[in-house]
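Undergrad: What follows is a structure written as structure tokens; I'll ask about it next.
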Amino acid sequence: QVQLVESGGGLVQAGGSLRLSCAASGSISRINVMGWYRQAPGKQRELVATIRSGGTTTYADSVKGRFTISRDNAKNTVYLQMNSLKPEDTAVYYCNAQATITYYWGQGTQVTVSS
């Protein structure tokens, strides 16, 4: 089992920045990919960014150049630095960990960007 705890959400004005954190615990040695997803009201959950154990990253086109995913292996923590935030970035952001064929999710953290 893997447990994920997110933090760092909040309310910010358009153009501002936030950093989300996701601390992993449990069977973390089995994790090969970690990432962030988001779900806006009335919409499906969508991929934001992922980072593999070797450091390879991927991003949704909508956040490329604005968001950066990183990890601190010593702290078992993944970060999402979000810059130049837009109102359309408003959503609940979920941390995700993939261990073999199992997906684990955090409880989610709300990000609200005001115009």
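We label chains A, B, ... in the order they appear in the structure tokens, count residues from 1 in each chain, and number ligands from 1 in the order shown.
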Please provide as a PDB file with N, CA, C and O atoms, in the first residue's frame all residues within 8 Å of stretch 78-91 of chain A, with the sequence filter that same-chain residues fewer than 5 positions apart are discarded (counting only C-alpha atoms).
TA:
ATOM      1  N   GLN A  13      -4.470  34.926  -7.310  1.00  0.00           N
ATOM      2  CA  GLN A  13      -4.910  35.718  -8.442  1.00  0.00           C
ATOM      3  C   GLN A  13      -4.262  35.231  -9.729  1.00  0.00           C
ATOM      4  O   GLN A  13      -3.170  34.636  -9.706  1.00  0.00           O
ATOM      5  N   ALA A  14      -4.917  35.498 -10.839  1.00  0.00           N
ATOM      6  CA  ALA A  14      -4.348  35.139 -12.139  1.00  0.00           C
ATOM      7  C   ALA A  14      -2.960  35.750 -12.287  1.00  0.00           C
ATOM      8  O   ALA A  14      -2.733  36.909 -11.904  1.00  0.00           O
ATOM      9  N   GLY A  15      -2.043  34.954 -12.802  1.00  0.00           N
ATOM     10  CA  GLY A  15      -0.667  35.389 -12.940  1.00  0.00           C
ATOM     11  C   GLY A  15       0.220  35.005 -11.764  1.00  0.00           C
ATOM     12  O   GLY A  15       1.443  35.128 -11.836  1.00  0.00           O
ATOM     13  N   GLY A  16      -0.403  34.544 -10.704  1.00  0.00           N
ATOM     14  CA  GLY A  16       0.331  34.173  -9.507  1.00  0.00           C
ATOM     15  C   GLY A  16       0.889  32.769  -9.560  1.00  0.00           C
ATOM     16  O   GLY A  16       0.791  32.078 -10.586  1.00  0.00           O
ATOM     17  N   SER A  17       1.473  32.339  -8.431  1.00  0.00           N
ATOM     18  CA  SER A  17       2.124  31.035  -8.351  1.00  0.00           C
ATOM     19  C   SER A  17       1.684  30.291  -7.099  1.00  0.00           C
ATOM     20  O   SER A  17       1.331  30.905  -6.086  1.00  0.00           O
ATOM     21  N   LEU A  18       1.736  28.981  -7.192  1.00  0.00           N
ATOM     22  CA  LEU A  18       1.518  28.101  -6.054  1.00  0.00           C
ATOM     23  C   LEU A  18       2.431  26.890  -6.229  1.00  0.00           C
ATOM     24  O   LEU A  18       2.782  26.526  -7.358  1.00  0.00           O
ATOM     25  N   ARG A  19       2.795  26.273  -5.109  1.00  0.00           N
ATOM     26  CA  ARG A  19       3.531  25.018  -5.174  1.00  0.00           C
ATOM     27  C   ARG A  19       2.785  23.960  -4.385  1.00  0.00           C
ATOM     28  O   ARG A  19       2.513  24.146  -3.191  1.00  0.00           O
ATOM     29  N   LEU A  20       2.473  22.873  -5.051  1.00  0.00           N
ATOM     30  CA  LEU A  20       1.830  21.736  -4.416  1.00  0.00           C
ATOM     31  C   LEU A  20       2.885  20.712  -4.014  1.00  0.00           C
ATOM     32  O   LEU A  20       3.875  20.530  -4.719  1.00  0.00           O
ATOM     33  N   SER A  21       2.633  20.055  -2.900  1.00  0.00           N
ATOM     34  CA  SER A  21       3.518  18.990  -2.430  1.00  0.00           C
ATOM     35  C   SER A  21       2.714  17.717  -2.233  1.00  0.00           C
ATOM     36  O   SER A  21       1.539  17.764  -1.871  1.00  0.00           O
ATOM     37  N   CYS A  22       3.373  16.583  -2.442  1.00  0.00           N
ATOM     38  CA  CYS A  22       2.743  15.284  -2.232  1.00  0.00           C
ATOM     39  C   CYS A  22       3.759  14.377  -1.553  1.00  0.00           C
ATOM     40  O   CYS A  22       4.762  14.016  -2.161  1.00  0.00           O
ATOM     41  N   ALA A  23       3.476  14.041  -0.305  1.00  0.00           N
ATOM     42  CA  ALA A  23       4.365  13.168   0.457  1.00  0.00           C
ATOM     43  C   ALA A  23       3.859  11.736   0.386  1.00  0.00           C
ATOM     44  O   ALA A  23       2.686  11.470   0.684  1.00  0.00           O
ATOM     45  N   MET A  34       5.120   8.948 -10.584  1.00  0.00           N
ATOM     46  CA  MET A  34       4.256   9.802  -9.766  1.00  0.00           C
ATOM     47  C   MET A  34       3.798  10.971 -10.618  1.00  0.00           C
ATOM     48  O   MET A  34       4.481  11.365 -11.565  1.00  0.00           O
ATOM     49  N   GLY A  35       2.649  11.500 -10.278  1.00  0.00           N
ATOM     50  CA  GLY A  35       2.133  12.584 -11.092  1.00  0.00           C
ATOM     51  C   GLY A  35       1.032  13.372 -10.418  1.00  0.00           C
ATOM     52  O   GLY A  35       0.669  13.092  -9.271  1.00  0.00           O
ATOM     53  N   TRP A  36       0.577  14.357 -11.139  1.00  0.00           N
ATOM     54  CA  TRP A  36      -0.524  15.216 -10.701  1.00  0.00           C
ATOM     55  C   TRP A  36      -1.619  15.189 -11.761  1.00  0.00           C
ATOM     56  O   TRP A  36      -1.338  15.281 -12.964  1.00  0.00           O
ATOM     57  N   ARG A  38      -5.856  16.717 -12.318  1.00  0.00           N
ATOM     58  CA  ARG A  38      -6.784  17.710 -11.800  1.00  0.00           C
ATOM     59  C   ARG A  38      -8.175  17.453 -12.344  1.00  0.00           C
ATOM     60  O   ARG A  38      -8.350  16.868 -13.420  1.00  0.00           O
ATOM     61  N   GLN A  39      -9.155  17.916 -11.585  1.00  0.00           N
ATOM     62  CA  GLN A  39     -10.543  17.770 -11.997  1.00  0.00           C
ATOM     63  C   GLN A  39     -11.294  19.051 -11.678  1.00  0.00           C
ATOM     64  O   GLN A  39     -11.397  19.439 -10.503  1.00  0.00           O
ATOM     65  N   ALA A  40     -11.771  19.693 -12.723  1.00  0.00           N
ATOM     66  CA  ALA A  40     -12.570  20.903 -12.567  1.00  0.00           C
ATOM     67  C   ALA A  40     -14.044  20.501 -12.475  1.00  0.00           C
ATOM     68  O   ALA A  40     -14.430  19.421 -12.932  1.00  0.00           O
ATOM     69  N   PRO A  41     -14.885  21.357 -11.899  1.00  0.00           N
ATOM     70  CA  PRO A  41     -16.316  21.041 -11.775  1.00  0.00           C
ATOM     71  C   PRO A  41     -16.932  20.710 -13.124  1.00  0.00           C
ATOM     72  O   PRO A  41     -16.759  21.450 -14.093  1.00  0.00           O
ATOM     73  N   ARG A  66       4.635  26.496 -17.970  1.00  0.00           N
ATOM     74  CA  ARG A  66       4.143  27.195 -16.767  1.00  0.00           C
ATOM     75  C   ARG A  66       4.298  26.358 -15.507  1.00  0.00           C
ATOM     76  O   ARG A  66       4.555  26.904 -14.435  1.00  0.00           O
ATOM     77  N   PHE A  67       4.127  25.051 -15.634  1.00  0.00           N
ATOM     78  CA  PHE A  67       4.197  24.145 -14.481  1.00  0.00           C
ATOM     79  C   PHE A  67       5.476  23.321 -14.562  1.00  0.00           C
ATOM     80  O   PHE A  67       5.932  22.964 -15.660  1.00  0.00           O
ATOM     81  N   THR A  68       6.018  22.993 -13.394  1.00  0.00           N
ATOM     82  CA  THR A  68       7.199  22.134 -13.325  1.00  0.00           C
ATOM     83  C   THR A  68       6.991  21.085 -12.240  1.00  0.00           C
ATOM     84  O   THR A  68       6.675  21.430 -11.087  1.00  0.00           O
ATOM     85  N   ILE A  69       7.153  19.816 -12.614  1.00  0.00           N
ATOM     86  CA  ILE A  69       7.065  18.727 -11.653  1.00  0.00           C
ATOM     87  C   ILE A  69       8.475  18.316 -11.267  1.00  0.00           C
ATOM     88  O   ILE A  69       9.382  18.286 -12.104  1.00  0.00           O
ATOM     89  N   SER A  70       8.662  18.029  -9.984  1.00  0.00           N
ATOM     90  CA  SER A  70       9.974  17.608  -9.507  1.00  0.00           C
ATOM     91  C   SER A  70       9.784  16.658  -8.326  1.00  0.00           C
ATOM     92  O   SER A  70       8.679  16.527  -7.805  1.00  0.00           O
ATOM     93  N   ARG A  71      10.877  16.007  -7.940  1.00  0.00           N
ATOM     94  CA  ARG A  71      10.777  15.085  -6.811  1.00  0.00           C
ATOM     95  C   ARG A  71      12.014  15.180  -5.940  1.00  0.00           C
ATOM     96  O   ARG A  71      13.115  15.445  -6.431  1.00  0.00           O
ATOM     97  N   ASP A  72      11.813  14.954  -4.659  1.00  0.00           N
ATOM     98  CA  ASP A  72      12.903  14.886  -3.695  1.00  0.00           C
ATOM     99  C   ASP A  72      12.879  13.476  -3.139  1.00  0.00           C
ATOM    100  O   ASP A  72      12.039  13.144  -2.290  1.00  0.00           O
ATOM    101  N   GLN A 110      -7.556  21.772  -3.262  1.00  0.00           N
ATOM    102  CA  GLN A 110      -8.245  22.740  -4.127  1.00  0.00           C
ATOM    103  C   GLN A 110      -7.295  23.873  -4.529  1.00  0.00           C
ATOM    104  O   GLN A 110      -6.622  24.460  -3.667  1.00  0.00           O
ATOM    105  N   VAL A 111      -7.295  24.172  -5.813  1.00  0.00           N
ATOM    106  CA  VAL A 111      -6.583  25.332  -6.344  1.00  0.00           C
ATOM    107  C   VAL A 111      -7.620  26.212  -7.026  1.00  0.00           C
ATOM    108  O   VAL A 111      -8.333  25.753  -7.919  1.00  0.00           O
ATOM    109  N   THR A 112      -7.702  27.452  -6.589  1.00  0.00           N
ATOM    110  CA  THR A 112      -8.647  28.398  -7.169  1.00  0.00           C
ATOM    111  C   THR A 112      -7.890  29.621  -7.649  1.00  0.00           C
ATOM    112  O   THR A 112      -7.150  30.241  -6.878  1.00  0.00           O
ATOM    113  N   VAL A 113      -8.065  29.955  -8.926  1.00  0.00           N
ATOM    114  CA  VAL A 113      -7.390  31.101  -9.521  1.00  0.00           C
ATOM    115  C   VAL A 113      -8.447  32.136  -9.888  1.00  0.00           C
ATOM    116  O   VAL A 113      -9.330  31.873 -10.703  1.00  0.00           O
ATOM    117  N   SER A 114      -8.361  33.290  -9.278  1.00  0.00           N
ATOM    118  CA  SER A 114      -9.340  34.343  -9.535  1.00  0.00           C
ATOM    119  C   SER A 114      -8.844  35.257 -10.659  1.00  0.00           C
ATOM    120  O   SER A 114      -7.646  35.481 -10.817  1.00  0.00           O
ATOM    121  N   SER A 115      -9.789  35.778 -11.421  1.00  0.00           N
ATOM    122  CA  SER A 115      -9.434  36.647 -12.561  1.00  0.00           C
ATOM    123  C   SER A 115      -9.360  38.103 -12.141  1.00  0.00           C
ATOM    124  O   SER A 115      -9.714  38.465 -11.033  1.00  0.00           O
TER     125      SER A 115
END
Undergrad: To test your reading of the structure, identify every residue in chain A that backbone DSSP assigns to strand (DSSP E), and report it as a ChimeraX atom specification.
TA: /A:2-7,10-13,18-26,31-39,46-52,57-59,67-72,77-82,91-99,102-105,109-114
Undergrad: What does the structure give for the distance between atom CA of A:Cys95 and atom CA of A:Gly8, in Å to one decimal?
TA: 11.8 Å
Undergrad: If you count only C-alpha atoms, which residues fall within 12 Å of A:Thr102, apart from same-chain ones fewer than 3 positions away, as a PDB file with N, CA, C and O atoms, in the first residue's frame?
TA:
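Output (result_36.pdb):
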ATOM      1  N   GLN A   1       0.833  -1.201   0.000  1.00  0.00           N
ATOM      2  CA  GLN A   1       0.000   0.000   0.000  1.00  0.00           C
ATOM      3  C   GLN A   1       0.867   1.249   0.000  1.00  0.00           C
ATOM      4  O   GLN A   1       1.962   1.256   0.541  1.00  0.00           O
ATOM      5  N   VAL A   2       0.338   2.273  -0.646  1.00  0.00           N
ATOM      6  CA  VAL A   2       1.008   3.575  -0.702  1.00  0.00           C
ATOM      7  C   VAL A   2       0.019   4.634  -0.215  1.00  0.00           C
ATOM      8  O   VAL A   2      -1.142   4.639  -0.621  1.00  0.00           O
ATOM      9  N   SER A  27       4.687   1.507   0.822  1.00  0.00           N
ATOM     10  CA  SER A  27       5.511   0.694  -0.080  1.00  0.00           C
ATOM     11  C   SER A  27       6.052   1.532  -1.237  1.00  0.00           C
ATOM     12  O   SER A  27       5.795   1.253  -2.410  1.00  0.00           O
ATOM     13  N   ARG A  30       8.027   0.446  -4.585  1.00  0.00           N
ATOM     14  CA  ARG A  30       7.320  -0.132  -5.724  1.00  0.00           C
ATOM     15  C   ARG A  30       6.849   0.934  -6.712  1.00  0.00           C
ATOM     16  O   ARG A  30       6.410   0.604  -7.805  1.00  0.00           O
ATOM     17  N   ILE A  31       6.946   2.198  -6.357  1.00  0.00           N
ATOM     18  CA  ILE A  31       6.442   3.275  -7.208  1.00  0.00           C
ATOM     19  C   ILE A  31       7.384   3.494  -8.379  1.00  0.00           C
ATOM     20  O   ILE A  31       8.590   3.668  -8.180  1.00  0.00           O
ATOM     21  N   ASN A  32       6.838   3.520  -9.599  1.00  0.00           N
ATOM     22  CA  ASN A  32       7.684   3.826 -10.747  1.00  0.00           C
ATOM     23  C   ASN A  32       7.323   5.159 -11.408  1.00  0.00           C
ATOM     24  O   ASN A  32       8.147   5.748 -12.106  1.00  0.00           O
ATOM     25  N   VAL A  33       6.109   5.628 -11.195  1.00  0.00           N
ATOM     26  CA  VAL A  33       5.705   6.923 -11.751  1.00  0.00           C
ATOM     27  C   VAL A  33       4.873   7.666 -10.707  1.00  0.00           C
ATOM     28  O   VAL A  33       4.028   7.064 -10.045  1.00  0.00           O
ATOM     29  N   MET A  34       5.120   8.948 -10.584  1.00  0.00           N
ATOM     30  CA  MET A  34       4.256   9.802  -9.766  1.00  0.00           C
ATOM     31  C   MET A  34       3.798  10.971 -10.618  1.00  0.00           C
ATOM     32  O   MET A  34       4.481  11.365 -11.565  1.00  0.00           O
ATOM     33  N   ASN A  96      -0.881  11.326  -7.689  1.00  0.00           N
ATOM     34  CA  ASN A  96      -1.051   9.950  -8.136  1.00  0.00           C
ATOM     35  C   ASN A  96       0.283   9.222  -8.083  1.00  0.00           C
ATOM     36  O   ASN A  96       1.326   9.801  -8.398  1.00  0.00           O
ATOM     37  N   ALA A  97       0.229   7.962  -7.677  1.00  0.00           N
ATOM     38  CA  ALA A  97       1.421   7.115  -7.708  1.00  0.00           C
ATOM     39  C   ALA A  97       1.057   5.803  -8.380  1.00  0.00           C
ATOM     40  O   ALA A  97       0.011   5.222  -8.096  1.00  0.00           O
ATOM     41  N   GLN A  98       1.923   5.375  -9.285  1.00  0.00           N
ATOM     42  CA  GLN A  98       1.720   4.114  -9.982  1.00  0.00           C
ATOM     43  C   GLN A  98       2.773   3.116  -9.514  1.00  0.00           C
ATOM     44  O   GLN A  98       3.968   3.364  -9.640  1.00  0.00           O
ATOM     45  N   ALA A  99       2.302   1.989  -9.005  1.00  0.00           N
ATOM     46  CA  ALA A  99       3.188   0.929  -8.545  1.00  0.00           C
ATOM     47  C   ALA A  99       2.772  -0.345  -9.264  1.00  0.00           C
ATOM     48  O   ALA A  99       1.704  -0.879  -8.979  1.00  0.00           O
ATOM     49  N   TRP A 105      -4.128   7.252  -5.055  1.00  0.00           N
ATOM     50  CA  TRP A 105      -4.522   8.657  -5.142  1.00  0.00           C
ATOM     51  C   TRP A 105      -4.485   9.322  -3.779  1.00  0.00           C
ATOM     52  O   TRP A 105      -4.804   8.702  -2.762  1.00  0.00           O
TER      53      TRP A 105
END
Undergrad: Quick one: distance from atom CA of A:Thr58 to atom CA of A:Tyr37 in Å, one decimal?
TA: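 A separation of 12.0 Å between them.
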Undergrad: Could you state the separation of atom CA of A:Gln44 and atom CA of A:Val92 in Å, given to one decimal place?
TA: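 Computed distance, atom CA of A:Gln44 to atom CA of A:Val92, equals 11.2 Å.
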Undergrad: Taking the backbone alone, and naming residues the way the document does, which bits of chain A are helix (DSSP H, G or I) by DSSP, as a list of chain:residue names?
TA: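 Filtering chain A down to helix (DSSP H, G or I) leaves A:Ile28, A:Ser29, A:Arg30, A:Pro87, A:Glu88, A:Asp89.
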Undergrad: Between A:Tyr93, A:Ile28, A:Tyr103, A:Ala74, which residue has the minimum interatomic distance to A:Gly10, considering only C-alpha atoms?
TA: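 Selected residue with least distance to A:Gly10: A:Tyr93.
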